[in-house]
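To start, the structure itself, in structure tokens.
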Amino acid sequence: MATHALPVSDAEYAEVRGHRLVGFLFFLVSDSILFCSFIFGYLYIRAASPGWPPPGVERPGLYLAAVNSIVLFGSGVTMHLAMEAWRHANRSRFTAFIIATIVLGLGFLSGQAYEYTHLHDTWAGSTFGASFFTLTGMHGFHVFIGVIFLITVLLQTRRGVYDQTRYFGLTAATLYWHFVDVIWVALFFLFYVY
Amino acid sequence: MTFILTVISGLLMWGVVVFPIDDYLPRASSAATDIDFIFRFMAFFGVPILVYVNGFLLYFAWRYHTRKGDDLMAVGSDIHDQPALEAAWTIIPSILMLILGVISYLVMPKYYLASAASVATIEAVGHTFYYEFRYPGLKHPVENEMHLPIGKQVTIDLTSSEDDIRNAVIHSFWAPEFRVKQDMIPGMIVPIHFTPTRIGTYRIICTEFCGLGHSEMVGKVVVESQADFDAWFKSQQQLQASAGMQGPIPIANGDAAAGGRVFATKCTGCHAVGPFSERKVGPGLGNLFHDPDHPDLVTGKPADPDDVADVIEHGASGDLGTMPNMQVNQLTDKDVANLVAYLESLHK
Amino acid sequence: MSIAQLQAEASHAHIHPPPQGFIAKYVISFDHKVIAVQYFITSGLFFVLAGLLAELVRAQLMHAHNTLLSPQTFNEAYSIHGTAMVWLVIIPIMTGGFGNLAMPLQIGARDVAFPWLNMFSFWLFPPAGLLIFLSFLYGAPQAGWTEYPPVSLHTPGTALWCAGVFLIGVSSTITGINFMVTIIKMRCPGMTWTRMPLFTWATLVTAFLSAIATANLSAALAGLFIEKVFSVPFYDPANGGSPVLWQHVFWFYSHPAVYIMILPGFGIVSEVIPVFVRRPIFGYKAIAYSSVAIGLVSFMVWAHHMFTSGLSRWVQLPFMILTMAVAIPTGIKIFSWVATFWRGHVRLSTPLLFVIGFLSMFTFGGVTGVMLASVPADIHEHGTYFIVAHLHYVLVGGSVFTIFAGLYYWWPKMTGRLLDERLGKWHFWIAFLSFNATFLPMHWLGLLGMPRRVVYYDPQFEPTNMFVSISAFVLGASMLIFAYNAIRSAKYGKIAGPNPWGGRTLEWMTSSPPPYYNFAEIPIVLDGPYDYGKPLPYANISQDLATEPVA
């Protein structure tokens with residue numbers, strides 16, 4: 001979003017981009033602390049419980065989650081390819097890969113929705129449900145926001161907001177999307193493997 | 001100036017050393033001596049810090065104060081570092097902290113580890129809003145008053161619980177004269193260990209907010225000779241044997257006057273003799289049997305003599321707190337009948 | 001780098017057109033100076049409300065079994081008093097107020113990195129406060145500003161409390177990120193790290209704590225909220241949760257929070273002393289780096305609030321050691337500040353008086369803090385009036401006194417007028433004496449057996465409590481002197497030039513108040529700001545701005 005009506009020189013844009021990049025990175029650090037707090041809570045309750053999962057609770061299946069993870073990591077790959085396409089000024093390739101990323105993101109969300117509706121455990125039903133649904137739900141919400149972010153970015157490219165040298169919105173979207181992937185690696189390990 | 005401050009410091013430090021802490025707060029446990037020593041240590045070294053900081057601050061502010069007619073543009077000294085001084089005021093406090101840390105560390109296990117075997121483990125359970133103590137050998141718990149024989153190490157297992165676990169909250173067990181404190185946390189049992197060293201009656205105070213009755217959650221611990229303790233223990237056993245839970249208690253021919261005396265000693269901690277709304281912990285009981293706005297008891301039963309006797313006998317739990325049963329309250333069958341008669345006689 | 005090169009670099013910070021209209025200028029303003037005033041006004045309002053709640057608490061405690069307040073109202077009063085003072089007064093004033101007012105000027109910038117976010121941060125603040133105070137209508141929280149479960153899950157107000165504090169937390173996080181980027185990226189040419197004013201150093205560390213620690217609070221609050229509203233088990237042992245978990249996640253934020261509340265105050269002290277003794281600050285590097293050390297260690301001491309919560313000895317030990325360790329850098333600062341007075345030319349104006357009061361009281365609070373660091377001693381002191389005494393020594397004697405020092409110091413820069421010196425001195429002396437009369441006896445009360453958060457207490461403590469309450473009323477009244485002074489200054493305050501105190505940091509190198517673009521030309525810095533006796537260290541600023549102080 002432009003805050004100045006006056007056209008901005010290249011040097012000034014570089015400066016502002018530097019601010020935005022550092023600011024966005026600090027935001028991602030802050031966001032990861034949010035996840036880390038809930039993860040700490042999960043590990044604490046788990047360590048303090050006599051057995052895990054709690055009695056009567058079935059852990060969600062690995063298979064569906066693994067497939068879903070591949071979908072999400074795949075979207076990370078397509079995101080990377082989209083950025084590469086942009087840097088090489090290949091608009092049509094960029095658009096294709098962004099759309100692919102969005103589709104895969106939505107696919108991941110559908111997978112999550114399917115898993116949620118096929119689990120016996122509920123959010124309030126056990127301490128496992130509490131941590132599982134809160135953390136994966138928060139992550140899913142972040143993916144959802146990410147999808148909105150990507151759609152916005154796609155529309156912005158069609159409006160010509162970015163060019164070959166000025167495309168911070170794209171950079172931010174990519175960083176955010178990869179961040180969401182990294183969080184998922186942690187959650188996948190913590191809930192399905194460990 | 002440094003000399004003057006050192007003298008003042010010295011005098012105050014001597015004051016810290018000789019200050020009779022136990023004139024104000026008696027030392028009644030093995031832990032208390034250590035803790036008072038640590039306190040003295042910290043105050044001892046805190047005094048020179050306070051004296052030097054405040055002293056030099058005030059002295060400099062006075063000595064270098066601009067006087068009338070001074071040039072306000074004049075600047076002071078440009079010395080902005082003094083490595084030796086800065087090293088000193090970094091290293092000396094660090095050493096003091098280290099010593100404090102070591103002393104504290106050496107004292108810590110005395111609470112948390114049973115060194116010699118304790119003679120007994122007593123369970124202390126926090127409730128809203130009273131303490132319950134379960135002694136090995138006593139069938140029923142004792143409420144709010146713990147007895148301990150002098151000179152014998154005891155272990156106290158602390159927790160918090162209610163009949164309905166969903167109502168349990170965190171409490172704390174603090175005996176200031178023992179210098180002992182431990183939170184009572186539902187779902188956890190935390191042991192502490194100490195030896196009472198002084199005969200007397202001391203307070204147990206709740207220091208963790210637990211609800212509307214928090215400020216009234218105060219218990220007693222009586223430290224006495226082994227003989228006196230044995231006598232108390234025996235009397236508890238007898239009391240509990242006679243107060244059986246065998247069917248409804250006969251409440252005919254209760255003595256209202258006697259019941260009034262029992263009420264005054266046992267019940268006024270939580271109940272006022274006033275209208276229902278005059279809540280202390282539980283509701284006011286002055287109009288218990290004649291209140292058209294509150295015809296039912298907390299158990300859902302109507303306020304008639306048999307159901308009231310039932311509540312006194314078995315206790316009750318609700319969102320206002322938990323009322324102990326007659327064993328915990330140390331009431332005999334006769335007391336129950338008398339209380340019912342007394343409450344019937346009220347008309348507020 | 002030559003002056004010409006520095007000049008060339010500087011010219012990039014162009015001036016945008018001025019805001020037009022009342023709304024753009026004063027309501028939805030992107031100007032950090034206007035936003036600062038908005039924060040001051042809003043925090044000031046909450047300070048009055050929270051202060052009145054405190055007076056209500058003290059009125060009840062005049063007698064051992066007073067019937068002024070019901071237990072419920074009493075509990076609500078101290079809970080919202082604490083909640084509001086921490087989150088609606090001290091943190092917003094220190095960060096959104098002083099950070100916004102002084103920091104961009106001190107680094108020679110035209111504004112912060114993200115002005116829109118700055119405005120947005122502010123506008124989260126009034127709704128957050130509203131949510132918190134709205135809880136009085138439906139039953140406010142009763143378990144103190146710490147709202148420990150399970151009791152907080154069984155008493156009303158918790159959900160609204162969570163929502164309100166969460167919202168102000170978001171505001172705090174955004175401001176933290178904003179300030180960090182501003183300080184890292186937007187210092188004017190020549191302002192290297194070691195030429196940066198100490199208030200800016202303090203704001204940088206505070207911003208880091210705000211951005212990182214608050215996210216953790218958000219998680220804790222979210223958990224408590226969904227447990228209260230949706231019965232999702234995190235903290236209630238009845239459902240398999242852990243009450244101690246809440247304590248961990250709450251204090252992991254709340255300990256850094258107390259440093260958020262004091263570090264900017266330390267920064268203010270570091271600014272005020274050199275100006276009013278006309279000497280370089282003693283130990284600049286020590287003070288700057290010790291702020292960083294304090295900020296980092298502040299994340300490692302949280303469990304010293306939990307020494308009675310059933311933690312094992314091996315967990316308690318490192319927390320004890322680190323808590324003792326964090327006293328060392330703080331001590332270094334205090335000693336350095338006192339040393340700055342040596343061979344200075346001391347002008348005992350109101351800002352410096354509040355700083356002197358701070359130095360005295362915060363040292364005392366620091367000593368009692370060490371008394372709490374030792375686990376065996378803390379066992380006796382925890383949950384008693386000793387804690388209430390300690391926390392007020394560091395938060396009132398510490399934070400609030402530095403806030404007033406900063407207000408008296410930067411008032412002319414903010415408003416263009418000086419506050420009255422005589423009224424200021426009355427304010428200081430009455431506040432200082434009544435503060436000590438209020439809180440010093442509480443140490444004794446705690447050690448002898450008075451727990452905290454009690455509406456009724458043992459009658460043996462009544463005379464002391466009566467004395468404390470009366471002193472507390474005087475302390476509250478002293479604030480009226482400031483309010484009167486502030487309002488009066490709008491019309492009768494002496495007009496302040498750019499540099500009424502003879503300072504050397506950049507905020508004094510422009511008019512009072514500054515134009516919306518702060519500086520006509522971005523300053524070029526040649527040296528550190530505290531070297532009294534040398535010329536002003538700026539290449540493109542007139543030496544005439546090294547004016548003679550008015551007081």
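Residues are named by chain letter and number: chains run A, B, ... in the order of the structure tokens, numbers start at 1 in each chain, and ligands are numbered from 1 in the order shown.
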
Taking 3 positions as the minimum chain separation for residues in the same chain, which residues sit within 8 Å of region 57-60 of chain B when counting only C-alpha atoms? Answer as JSON, numbers by chain. {"B": [1, 53, 54, 63, 64, 65], "C": [338, 341, 342, 343, 356]}

With only C-alpha atoms as the counted atoms, please give the residues lying no more than 12 Å from Gly176 (chain C), apart from itself and same-chain residues fewer than 2 positions off, as a PyMOL selection string. (chain A and resi 23+26-27+30) or (chain C and resi 91-92+94-96+99-100+112-114+117-118+121+169-174+178-183+203-215+260)

Would you list the contacts of Trp14 (chain B) as a CSV table (one decimal) with N, CA and C atoms, in the first residue's frame, taking every protein, DNA or RNA residue within 9 Å and counting only C-alpha atoms, but skipping same-chain residues closer than 5 positions in sequence?
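Final output, selection-v5.csv:
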```csv
chain,number,residue,atom,x,y,z
B,9,SER,N,26.4,3.1,58.1
B,9,SER,CA,26.2,1.7,57.6
B,9,SER,C,26.5,0.7,58.6
B,19,PHE,N,19.0,-7.5,65.8
B,19,PHE,CA,17.5,-7.3,65.9
B,19,PHE,C,16.8,-8.6,66.3
B,44,PHE,N,21.7,-7.4,56.0
B,44,PHE,CA,23.0,-7.0,56.4
B,44,PHE,C,23.7,-6.3,55.2
```

Fewer than 6 positions away in the same chain doesn't count, so skip those; otherwise give me all residues within 12 Å of Pro48 (chain B), counting only C-alpha atoms, as a ChimeraX atom specification. /B:2,4-14,16,41-42,54-56,93 /C:363-364,367

Region 174-261 of chain B: residues DSSP assigns to strand (DSSP E), reported as a PyMOL selection string: chain B and resi 174-175+180-184+190-194+200-205+218-224

Taking only C-alpha atoms into account, report as a ChimeraX atom specification which residues of chain A lie within 12 Å of chain B. /A:48-50

Create the file for the chosen residues now, containing N, CA, C and O atoms and written as a PDB file, in the first residue's frame.
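Ended up saving to result.pdb:
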```pdb
ATOM      1  N   ALA A  48       2.971 -34.315  32.032  1.00  0.00           N
ATOM      2  CA  ALA A  48       2.350 -34.442  33.351  1.00  0.00           C
ATOM      3  C   ALA A  48       1.237 -35.481  33.374  1.00  0.00           C
ATOM      4  O   ALA A  48       0.703 -35.792  34.438  1.00  0.00           O
ATOM      5  N   SER A  49       0.855 -36.015  32.214  1.00  0.00           N
ATOM      6  CA  SER A  49      -0.245 -36.991  32.196  1.00  0.00           C
ATOM      7  C   SER A  49       0.282 -38.388  32.451  1.00  0.00           C
ATOM      8  O   SER A  49       1.368 -38.735  31.978  1.00  0.00           O
ATOM      9  N   PRO A  50      -0.489 -39.198  33.153  1.00  0.00           N
ATOM     10  CA  PRO A  50      -0.012 -40.557  33.445  1.00  0.00           C
ATOM     11  C   PRO A  50       0.216 -41.392  32.191  1.00  0.00           C
ATOM     12  O   PRO A  50       1.128 -42.186  32.105  1.00  0.00           O
TER      13      PRO A  50
END
```

From a backbone DSSP assignment, name each residue in chain A labelled alpha helix (DSSP H), as an NGL selection string. :A and (10-48 or 62-87 or 91-117 or 127-158 or 168-188)

Choose the residue, out of C:Val249, C:Met186, C:Val525, C:Ala437, that has the smallest atom-to-atom separation from Tyr44 (chain A); count only C-alpha atoms.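 Result for the nearest residue to Tyr44 (chain A): C:Val249.
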
Measuring between only C-alpha atoms, which one of B:Val221, B:Val340, B:Val51, B:Ala117 shows the shortest distance to chain C?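 Selected residue with least distance to chain C: B:Val51.
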
Among the residues A:Ala82, A:Ala130, A:Leu155, A:Val57, the one that comes closest to chain C [using only C-alpha atoms]: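 Closest to chain C of all the choices is A:Ala130.
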
Residues of chain C within 7 Å of chain B, counting only C-alpha atoms - could you list those as number ranges by chain? C: 71-72, 143, 150-151, 237-238, 278-283, 308-310, 321, 324, 328, 332, 338, 341-347, 360, 363-364, 367, 371, 374-377, 379-380, 383-384, 448-449, 451-457, 532-533, 548-549

Would you mind exporting N, CA and C atoms of the selected residues as a compact mmCIF listing (two decimals), in the first residue's frame?
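result-v9.txt, freshly written:
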```txt
# COMPACT_ATOMS: atom_id res chain seq x y z
N PRO C 71 -17.04 -8.55 49.95
CA PRO C 71 -15.85 -9.26 49.47
C PRO C 71 -15.77 -9.27 47.95
N GLN C 72 -16.89 -9.45 47.29
CA GLN C 72 -16.84 -9.52 45.84
C GLN C 72 -16.35 -8.20 45.24
N ALA C 143 -9.66 -12.63 40.80
CA ALA C 143 -8.46 -13.33 41.23
C ALA C 143 -7.20 -12.53 40.99
N PRO C 150 -7.55 -22.75 38.93
CA PRO C 150 -8.96 -22.92 38.60
C PRO C 150 -9.89 -21.82 39.11
N VAL C 151 -9.48 -21.01 40.10
CA VAL C 151 -10.47 -20.09 40.67
C VAL C 151 -10.98 -19.11 39.61
N PRO C 237 -7.53 -28.92 36.49
CA PRO C 237 -7.15 -30.31 36.74
C PRO C 237 -8.35 -31.25 36.70
N ALA C 238 -9.56 -30.71 36.88
CA ALA C 238 -10.74 -31.57 36.82
C ALA C 238 -10.86 -32.24 35.45
N ARG C 278 24.55 18.76 33.86
CA ARG C 278 25.44 19.28 32.82
C ARG C 278 26.79 18.55 32.82
N ARG C 279 26.68 17.25 32.73
CA ARG C 279 27.86 16.37 32.73
C ARG C 279 27.56 15.20 31.84
N PRO C 280 28.58 14.59 31.24
CA PRO C 280 28.28 13.37 30.49
C PRO C 280 27.78 12.29 31.45
N ILE C 281 26.94 11.42 30.93
CA ILE C 281 26.49 10.30 31.76
C ILE C 281 27.69 9.43 32.06
N PHE C 282 27.75 8.93 33.27
CA PHE C 282 28.84 8.05 33.67
C PHE C 282 28.54 6.64 33.16
N GLY C 283 29.48 6.08 32.45
CA GLY C 283 29.32 4.68 32.05
C GLY C 283 28.27 4.46 30.98
N THR C 308 6.45 -21.38 45.32
CA THR C 308 5.63 -22.21 46.20
C THR C 308 4.68 -23.10 45.43
N SER C 309 4.87 -23.21 44.11
CA SER C 309 3.91 -23.96 43.31
C SER C 309 4.29 -25.41 43.07
N GLY C 310 5.14 -25.94 43.93
CA GLY C 310 5.41 -27.37 43.78
C GLY C 310 6.46 -27.70 42.75
N ILE C 321 19.23 -18.43 40.77
CA ILE C 321 20.53 -17.89 40.39
C ILE C 321 20.38 -16.78 39.36
N MET C 324 19.00 -13.58 40.86
CA MET C 324 20.05 -12.82 41.55
C MET C 324 20.98 -12.16 40.54
N ILE C 328 22.54 -7.61 39.09
CA ILE C 328 23.87 -7.02 38.89
C ILE C 328 23.85 -5.89 37.85
N ILE C 332 24.58 -1.89 38.42
CA ILE C 332 25.56 -1.12 37.66
C ILE C 332 24.97 0.20 37.21
N VAL C 338 24.27 7.48 39.97
CA VAL C 338 24.67 8.28 41.13
C VAL C 338 26.03 8.93 40.86
N PHE C 341 26.30 12.34 39.21
CA PHE C 341 26.11 13.58 39.97
C PHE C 341 27.44 14.16 40.45
N TRP C 342 28.43 13.33 40.57
CA TRP C 342 29.72 13.75 41.11
C TRP C 342 30.33 14.85 40.25
N ARG C 343 30.66 15.95 40.89
CA ARG C 343 31.24 17.08 40.17
C ARG C 343 30.39 17.55 39.00
N GLY C 344 29.08 17.48 39.20
CA GLY C 344 28.21 18.08 38.19
C GLY C 344 27.80 19.46 38.66
N HIS C 345 26.94 20.10 37.85
CA HIS C 345 26.33 21.36 38.28
C HIS C 345 24.85 21.07 38.43
N VAL C 346 24.47 20.71 39.64
CA VAL C 346 23.16 20.08 39.85
C VAL C 346 22.06 21.12 39.97
N ARG C 347 21.05 21.03 39.08
CA ARG C 347 19.89 21.91 39.19
C ARG C 347 18.72 21.05 39.66
N SER C 360 16.33 6.51 44.86
CA SER C 360 16.22 6.04 46.24
C SER C 360 15.27 4.86 46.35
N THR C 363 16.15 1.52 44.32
CA THR C 363 17.21 0.75 44.97
C THR C 363 16.62 -0.07 46.10
N PHE C 364 15.73 0.56 46.86
CA PHE C 364 15.08 -0.18 47.94
C PHE C 364 14.28 -1.35 47.39
N VAL C 367 16.60 -4.09 46.46
CA VAL C 367 17.09 -4.87 47.61
C VAL C 367 16.03 -5.86 48.07
N MET C 371 15.78 -10.07 48.15
CA MET C 371 15.24 -10.85 49.26
C MET C 371 14.20 -11.85 48.78
N SER C 374 15.93 -15.29 46.79
CA SER C 374 16.36 -16.47 47.54
C SER C 374 15.16 -17.36 47.83
N VAL C 375 15.20 -18.61 47.39
CA VAL C 375 14.02 -19.47 47.51
C VAL C 375 13.54 -19.62 48.95
N PRO C 376 14.42 -19.94 49.91
CA PRO C 376 13.90 -20.12 51.27
C PRO C 376 13.25 -18.86 51.82
N ALA C 377 13.83 -17.69 51.49
CA ALA C 377 13.22 -16.45 51.99
C ALA C 377 11.89 -16.19 51.29
N ILE C 379 9.83 -18.26 50.21
CA ILE C 379 8.80 -19.15 50.74
C ILE C 379 8.00 -18.41 51.82
N HIS C 380 8.69 -17.67 52.66
CA HIS C 380 8.00 -16.96 53.73
C HIS C 380 7.26 -15.73 53.20
N GLY C 383 3.04 -14.23 48.40
CA GLY C 383 1.61 -14.16 48.67
C GLY C 383 1.25 -13.29 49.85
N THR C 384 2.22 -12.49 50.33
CA THR C 384 1.94 -11.63 51.49
C THR C 384 2.09 -10.16 51.10
N LEU C 448 5.02 -10.28 59.09
CA LEU C 448 4.38 -10.72 60.34
C LEU C 448 3.14 -11.56 60.13
N GLY C 449 2.67 -11.64 58.88
CA GLY C 449 1.56 -12.58 58.69
C GLY C 449 0.34 -12.05 57.99
N PRO C 451 -1.60 -11.79 54.67
CA PRO C 451 -1.57 -12.24 53.28
C PRO C 451 -2.12 -11.17 52.37
N ARG C 452 -1.94 -11.36 51.05
CA ARG C 452 -2.48 -10.39 50.10
C ARG C 452 -3.84 -10.83 49.61
N ARG C 453 -4.53 -9.88 48.97
CA ARG C 453 -5.83 -10.15 48.37
C ARG C 453 -6.86 -10.52 49.42
N VAL C 454 -6.80 -9.89 50.58
CA VAL C 454 -7.77 -10.18 51.64
C VAL C 454 -8.61 -8.94 51.94
N VAL C 455 -9.92 -9.16 52.02
CA VAL C 455 -10.85 -8.08 52.31
C VAL C 455 -10.94 -7.82 53.82
N TYR C 456 -10.69 -8.86 54.61
CA TYR C 456 -10.65 -8.73 56.07
C TYR C 456 -9.30 -9.27 56.53
N TYR C 457 -8.82 -8.74 57.67
CA TYR C 457 -7.51 -9.21 58.13
C TYR C 457 -7.47 -9.26 59.64
N TYR C 532 28.90 17.27 27.49
CA TYR C 532 28.84 18.68 27.87
C TYR C 532 30.27 19.24 27.90
N GLY C 533 30.38 20.48 27.45
CA GLY C 533 31.72 21.08 27.39
C GLY C 533 32.25 21.10 25.97
N GLU C 548 20.94 28.26 27.20
CA GLU C 548 21.04 28.27 28.65
C GLU C 548 19.74 27.74 29.24
N PRO C 549 19.87 26.84 30.22
CA PRO C 549 18.62 26.29 30.78
C PRO C 549 17.79 27.36 31.51
```

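Pairwise distance (CA of Ile287 (chain C), CA of Arg110 (chain C)) equals 26.7 Å.
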
Distance limit 7 Å, atoms considered: only C-alpha atoms. Which chain A residues sit that close to chain C? Return them as a PyMOL selection string. chain A and resi 4+12+19+22-23+26-27+30-31+33-34+37-38+41+45+123-124+126-127+130

For region 181-192 of chain A, work out the shell of residues within 10 Å, counting only C-alpha atoms and skipping chain neighbours fewer than 2 positions away, then give it as a PyMOL selection string. chain A and resi 32+35-36+39+42-43+59-63+65-66+69+72-76+128+131-132+135-136+139-140+142-143+175-179+194

Output of the above residues as an mmCIF file, in the first residue's frame, restricted to N, CA and C atoms:
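out37.cif, written as the output of this step:
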```
data_model
loop_
_atom_site.group_PDB
_atom_site.id
_atom_site.type_symbol
_atom_site.label_atom_id
_atom_site.label_comp_id
_atom_site.auth_asym_id
_atom_site.auth_seq_id
_atom_site.Cartn_x
_atom_site.Cartn_y
_atom_site.Cartn_z
ATOM 1 N N SER A 32 5.683 -17.081 15.573
ATOM 2 C CA SER A 32 6.179 -18.401 15.957
ATOM 3 C C SER A 32 6.232 -18.555 17.468
ATOM 4 N N PHE A 35 2.917 -19.895 18.481
ATOM 5 C CA PHE A 35 2.834 -21.343 18.324
ATOM 6 C C PHE A 35 3.671 -22.051 19.379
ATOM 7 N N CYS A 36 4.860 -21.528 19.633
ATOM 8 C CA CYS A 36 5.735 -22.172 20.619
ATOM 9 C C CYS A 36 5.069 -22.243 21.994
ATOM 10 N N ILE A 39 2.687 -25.025 21.929
ATOM 11 C CA ILE A 39 3.428 -26.283 21.868
ATOM 12 C C ILE A 39 3.990 -26.618 23.249
ATOM 13 N N TYR A 42 1.247 -28.035 25.277
ATOM 14 C CA TYR A 42 0.958 -29.415 24.873
ATOM 15 C C TYR A 42 1.976 -30.376 25.476
ATOM 16 N N LEU A 43 3.260 -30.040 25.354
ATOM 17 C CA LEU A 43 4.297 -30.940 25.861
ATOM 18 C C LEU A 43 4.235 -31.028 27.377
ATOM 19 N N ARG A 59 -5.549 -41.602 18.694
ATOM 20 C CA ARG A 59 -4.748 -40.616 17.964
ATOM 21 C C ARG A 59 -5.126 -40.631 16.497
ATOM 22 N N PRO A 60 -5.122 -39.452 15.887
ATOM 23 C CA PRO A 60 -5.524 -39.413 14.469
ATOM 24 C C PRO A 60 -4.519 -40.187 13.618
ATOM 25 N N GLY A 61 -5.028 -40.710 12.502
ATOM 26 C CA GLY A 61 -4.214 -41.575 11.648
ATOM 27 C C GLY A 61 -3.092 -40.835 10.954
ATOM 28 N N LEU A 62 -1.987 -41.544 10.774
ATOM 29 C CA LEU A 62 -0.796 -40.959 10.160
ATOM 30 C C LEU A 62 -0.978 -40.791 8.657
ATOM 31 N N TYR A 63 -1.710 -41.724 8.041
ATOM 32 C CA TYR A 63 -1.752 -41.788 6.586
ATOM 33 C C TYR A 63 -2.354 -40.530 5.961
ATOM 34 N N ALA A 65 -2.810 -37.666 7.331
ATOM 35 C CA ALA A 65 -2.001 -36.490 7.637
ATOM 36 C C ALA A 65 -0.768 -36.430 6.754
ATOM 37 N N ALA A 66 -0.183 -37.591 6.457
ATOM 38 C CA ALA A 66 1.009 -37.603 5.608
ATOM 39 C C ALA A 66 0.666 -37.127 4.199
ATOM 40 N N SER A 69 0.147 -33.502 4.288
ATOM 41 C CA SER A 69 1.418 -32.792 4.424
ATOM 42 C C SER A 69 2.097 -32.645 3.075
ATOM 43 N N LEU A 72 0.623 -29.875 1.292
ATOM 44 C CA LEU A 72 1.077 -28.566 1.780
ATOM 45 C C LEU A 72 2.514 -28.265 1.362
ATOM 46 N N PHE A 73 3.383 -29.263 1.518
ATOM 47 C CA PHE A 73 4.777 -29.024 1.126
ATOM 48 C C PHE A 73 4.858 -28.807 -0.378
ATOM 49 N N GLY A 74 3.987 -29.523 -1.102
ATOM 50 C CA GLY A 74 3.916 -29.298 -2.546
ATOM 51 C C GLY A 74 3.569 -27.854 -2.856
ATOM 52 N N SER A 75 2.664 -27.305 -2.071
ATOM 53 C CA SER A 75 2.300 -25.910 -2.305
ATOM 54 C C SER A 75 3.486 -25.002 -2.016
ATOM 55 N N GLY A 76 4.361 -25.413 -1.104
ATOM 56 C CA GLY A 76 5.572 -24.656 -0.849
ATOM 57 C C GLY A 76 6.480 -24.656 -2.065
ATOM 58 N N PHE A 128 -5.875 -34.096 24.910
ATOM 59 C CA PHE A 128 -5.323 -34.272 23.573
ATOM 60 C C PHE A 128 -6.080 -33.415 22.577
ATOM 61 N N SER A 131 -5.202 -29.618 22.846
ATOM 62 C CA SER A 131 -3.975 -29.191 22.176
ATOM 63 C C SER A 131 -4.049 -29.406 20.677
ATOM 64 N N PHE A 132 -4.544 -30.583 20.283
ATOM 65 C CA PHE A 132 -4.536 -30.919 18.861
ATOM 66 C C PHE A 132 -5.365 -29.946 18.054
ATOM 67 N N LEU A 135 -3.955 -26.219 18.230
ATOM 68 C CA LEU A 135 -2.752 -25.965 17.430
ATOM 69 C C LEU A 135 -2.987 -26.155 15.941
ATOM 70 N N THR A 136 -3.598 -27.291 15.565
ATOM 71 C CA THR A 136 -3.815 -27.490 14.125
ATOM 72 C C THR A 136 -4.860 -26.506 13.619
ATOM 73 N N HIS A 139 -3.094 -23.286 13.075
ATOM 74 C CA HIS A 139 -2.302 -23.422 11.851
ATOM 75 C C HIS A 139 -3.198 -23.337 10.633
ATOM 76 N N GLY A 140 -4.337 -24.034 10.687
ATOM 77 C CA GLY A 140 -5.280 -24.002 9.569
ATOM 78 C C GLY A 140 -5.782 -22.587 9.316
ATOM 79 N N HIS A 142 -4.073 -19.939 9.916
ATOM 80 C CA HIS A 142 -2.963 -19.252 9.258
ATOM 81 C C HIS A 142 -2.897 -19.603 7.777
ATOM 82 N N VAL A 143 -3.188 -20.871 7.442
ATOM 83 C CA VAL A 143 -3.200 -21.274 6.029
ATOM 84 C C VAL A 143 -4.306 -20.534 5.296
ATOM 85 N N LEU A 175 7.342 -15.518 2.051
ATOM 86 C CA LEU A 175 7.886 -15.779 3.389
ATOM 87 C C LEU A 175 6.812 -16.359 4.290
ATOM 88 N N TYR A 176 5.635 -15.746 4.247
ATOM 89 C CA TYR A 176 4.528 -16.203 5.091
ATOM 90 C C TYR A 176 4.182 -17.635 4.748
ATOM 91 N N TRP A 177 4.110 -17.957 3.456
ATOM 92 C CA TRP A 177 3.703 -19.297 3.065
ATOM 93 C C TRP A 177 4.718 -20.332 3.528
ATOM 94 N N HIS A 178 6.000 -20.015 3.394
ATOM 95 C CA HIS A 178 7.029 -20.941 3.854
ATOM 96 C C HIS A 178 6.987 -21.083 5.365
ATOM 97 N N PHE A 179 6.715 -20.005 6.065
ATOM 98 C CA PHE A 179 6.565 -20.024 7.529
ATOM 99 C C PHE A 179 5.478 -21.014 7.925
ATOM 100 N N TYR A 194 5.434 -38.238 17.119
ATOM 101 C CA TYR A 194 5.920 -38.366 18.498
ATOM 102 C C TYR A 194 4.827 -38.854 19.430
#
```

Between B:Leu346, B:Met146, B:Gly69, B:Met326, single out the one closest to Gly274 (chain B), counting only C-alpha atoms.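 Using only C-alpha atoms, the shortest distance to Gly274 (chain B) belongs to B:Leu346.
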